[in-house]
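**Student:** Got a structure here, written out as structure tokens. Questions coming.
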Amino acid sequence: MGATAMGWTLGFGRIGSMLAPPLLGLIIGAGLAFQWNFYALAVPGVIGALLVGLVPRAPEAKEPAGHGGAGGTTRPFAEQT
């Protein structure tokens, strides 16, 4: 799941990097103050930070018996056939 999450994150980042320059160009072209460029980039950043904060933590998984735990029945790697 980590690779999938990383792929989605990079995808959204790429979309933002493609949409930001035209958006900022429109703001400058409309004659608005340069502070609006900051607001146009800060608002999605704050929304993203809030959404990341709402993601619940994964429950701590207990290691099933027999899969490398201290009381497991697995063999060392050198003995496996």
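Residue names in the structure tokens use chain letters A, B, ... in the order shown, residue numbers from 1 in each chain, and ligand numbers from 1 in the order shown.
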Please provide the set of residues having any atom within 12 Å of region 34-48 of chain A, restricted to only C-alpha atoms, with same-chain residues fewer than 4 positions apart removed, written as a PDB file with N, CA, C and O atoms, in the first residue's frame.
**Tutor:**
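Result went into around-v9.pdb, see below:
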```pdb
ATOM      1  N   THR A   9       0.390  10.327  -4.408  1.00  0.00           N
ATOM      2  CA  THR A   9       0.944  11.589  -3.926  1.00  0.00           C
ATOM      3  C   THR A   9       1.746  12.281  -5.018  1.00  0.00           C
ATOM      4  O   THR A   9       1.600  13.488  -5.246  1.00  0.00           O
ATOM      5  N   PHE A  12      -0.651  13.702  -7.729  1.00  0.00           N
ATOM      6  CA  PHE A  12      -1.289  14.966  -7.359  1.00  0.00           C
ATOM      7  C   PHE A  12      -0.280  16.111  -7.347  1.00  0.00           C
ATOM      8  O   PHE A  12      -0.595  17.239  -7.718  1.00  0.00           O
ATOM      9  N   GLY A  13       0.932  15.822  -6.926  1.00  0.00           N
ATOM     10  CA  GLY A  13       1.972  16.851  -6.956  1.00  0.00           C
ATOM     11  C   GLY A  13       2.283  17.297  -8.376  1.00  0.00           C
ATOM     12  O   GLY A  13       2.489  18.481  -8.647  1.00  0.00           O
ATOM     13  N   GLY A  16      -0.458  19.568  -9.600  1.00  0.00           N
ATOM     14  CA  GLY A  16      -0.279  20.903  -9.038  1.00  0.00           C
ATOM     15  C   GLY A  16       0.838  21.673  -9.711  1.00  0.00           C
ATOM     16  O   GLY A  16       0.724  22.880  -9.946  1.00  0.00           O
ATOM     17  N   SER A  17       1.916  20.980 -10.064  1.00  0.00           N
ATOM     18  CA  SER A  17       3.023  21.681 -10.718  1.00  0.00           C
ATOM     19  C   SER A  17       2.677  22.092 -12.146  1.00  0.00           C
ATOM     20  O   SER A  17       3.282  23.010 -12.686  1.00  0.00           O
ATOM     21  N   LEU A  19      -0.591  22.948 -13.019  1.00  0.00           N
ATOM     22  CA  LEU A  19      -1.665  23.935 -12.962  1.00  0.00           C
ATOM     23  C   LEU A  19      -1.251  25.253 -12.314  1.00  0.00           C
ATOM     24  O   LEU A  19      -1.872  26.280 -12.567  1.00  0.00           O
ATOM     25  N   ALA A  20      -0.220  25.247 -11.481  1.00  0.00           N
ATOM     26  CA  ALA A  20       0.168  26.459 -10.759  1.00  0.00           C
ATOM     27  C   ALA A  20       0.668  27.582 -11.676  1.00  0.00           C
ATOM     28  O   ALA A  20       0.214  28.720 -11.529  1.00  0.00           O
ATOM     29  N   PRO A  21       1.573  27.321 -12.610  1.00  0.00           N
ATOM     30  CA  PRO A  21       2.046  28.443 -13.440  1.00  0.00           C
ATOM     31  C   PRO A  21       0.943  29.144 -14.238  1.00  0.00           C
ATOM     32  O   PRO A  21       0.902  30.388 -14.248  1.00  0.00           O
ATOM     33  N   PRO A  22       0.036  28.406 -14.901  1.00  0.00           N
ATOM     34  CA  PRO A  22      -1.038  29.139 -15.589  1.00  0.00           C
ATOM     35  C   PRO A  22      -1.946  29.917 -14.629  1.00  0.00           C
ATOM     36  O   PRO A  22      -2.383  31.030 -14.940  1.00  0.00           O
ATOM     37  N   LEU A  23      -2.223  29.331 -13.462  1.00  0.00           N
ATOM     38  CA  LEU A  23      -3.064  30.025 -12.487  1.00  0.00           C
ATOM     39  C   LEU A  23      -2.400  31.307 -12.012  1.00  0.00           C
ATOM     40  O   LEU A  23      -3.031  32.367 -11.951  1.00  0.00           O
ATOM     41  N   LEU A  24      -1.116  31.236 -11.709  1.00  0.00           N
ATOM     42  CA  LEU A  24      -0.402  32.433 -11.266  1.00  0.00           C
ATOM     43  C   LEU A  24      -0.303  33.449 -12.393  1.00  0.00           C
ATOM     44  O   LEU A  24      -0.365  34.658 -12.151  1.00  0.00           O
ATOM     45  N   GLY A  25      -0.153  32.979 -13.623  1.00  0.00           N
ATOM     46  CA  GLY A  25      -0.139  33.891 -14.758  1.00  0.00           C
ATOM     47  C   GLY A  25      -1.465  34.615 -14.922  1.00  0.00           C
ATOM     48  O   GLY A  25      -1.491  35.801 -15.257  1.00  0.00           O
ATOM     49  N   LEU A  26      -2.564  33.897 -14.682  1.00  0.00           N
ATOM     50  CA  LEU A  26      -3.879  34.537 -14.754  1.00  0.00           C
ATOM     51  C   LEU A  26      -4.045  35.595 -13.670  1.00  0.00           C
ATOM     52  O   LEU A  26      -4.624  36.658 -13.909  1.00  0.00           O
ATOM     53  N   ILE A  27      -3.540  35.297 -12.492  1.00  0.00           N
ATOM     54  CA  ILE A  27      -3.645  36.265 -11.393  1.00  0.00           C
ATOM     55  C   ILE A  27      -2.845  37.519 -11.719  1.00  0.00           C
ATOM     56  O   ILE A  27      -3.318  38.645 -11.547  1.00  0.00           O
ATOM     57  N   ILE A  28      -1.625  37.345 -12.227  1.00  0.00           N
ATOM     58  CA  ILE A  28      -0.797  38.504 -12.577  1.00  0.00           C
ATOM     59  C   ILE A  28      -1.416  39.255 -13.754  1.00  0.00           C
ATOM     60  O   ILE A  28      -1.463  40.489 -13.778  1.00  0.00           O
ATOM     61  N   GLY A  29      -1.911  38.497 -14.748  1.00  0.00           N
ATOM     62  CA  GLY A  29      -2.517  39.121 -15.916  1.00  0.00           C
ATOM     63  C   GLY A  29      -3.782  39.896 -15.592  1.00  0.00           C
ATOM     64  O   GLY A  29      -4.142  40.843 -16.292  1.00  0.00           O
ATOM     65  N   ALA A  30      -4.483  39.479 -14.534  1.00  0.00           N
ATOM     66  CA  ALA A  30      -5.700  40.184 -14.139  1.00  0.00           C
ATOM     67  C   ALA A  30      -5.403  41.477 -13.397  1.00  0.00           C
ATOM     68  O   ALA A  30      -6.318  42.245 -13.077  1.00  0.00           O
ATOM     69  N   VAL A  52      -4.531  15.583   5.413  1.00  0.00           N
ATOM     70  CA  VAL A  52      -3.551  14.594   5.881  1.00  0.00           C
ATOM     71  C   VAL A  52      -3.712  14.372   7.378  1.00  0.00           C
ATOM     72  O   VAL A  52      -3.586  13.249   7.874  1.00  0.00           O
ATOM     73  N   GLY A  53      -4.013  15.434   8.112  1.00  0.00           N
ATOM     74  CA  GLY A  53      -4.227  15.303   9.551  1.00  0.00           C
ATOM     75  C   GLY A  53      -5.455  14.490   9.900  1.00  0.00           C
ATOM     76  O   GLY A  53      -5.547  13.934  10.994  1.00  0.00           O
ATOM     77  N   LEU A  54      -6.414  14.390   8.986  1.00  0.00           N
ATOM     78  CA  LEU A  54      -7.631  13.627   9.244  1.00  0.00           C
ATOM     79  C   LEU A  54      -7.496  12.135   8.933  1.00  0.00           C
ATOM     80  O   LEU A  54      -8.376  11.360   9.290  1.00  0.00           O
ATOM     81  N   VAL A  55      -6.412  11.750   8.282  1.00  0.00           N
ATOM     82  CA  VAL A  55      -6.226  10.335   7.956  1.00  0.00           C
ATOM     83  C   VAL A  55      -5.933   9.573   9.239  1.00  0.00           C
ATOM     84  O   VAL A  55      -5.013   9.920   9.984  1.00  0.00           O
TER      85      VAL A  55
END
```
**Student:** One decimal, Å: what's the distance from CA of Gly11 (chain A) over to CA of Pro59 (chain A), could you say?
**Tutor:**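 Computing the Euclidean distance for CA of Gly11 (chain A) and CA of Pro59 (chain A) yields 26.4 Å.
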**Student:** Per DSSP on the backbone, filter region 16-69 of chain A down to the residues in helix (DSSP H, G or I) and report them as an MDAnalysis selection string.
**Tutor:** chainID A and resid 16:29 35:54
**Student:** Report, in Å to a single decimal, how far apart CA of Ala5 (chain A) and CA of Arg57 (chain A) are.
**Tutor:**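 Atom-to-atom, CA of Arg57 (chain A) to CA of Ala5 (chain A), that is 14.1 Å.
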**Student:** Can you measure CA of Met1 (chain A) to CA of Leu50 (chain A) for me? One decimal in Å is fine.
**Tutor:** 21.5 Å
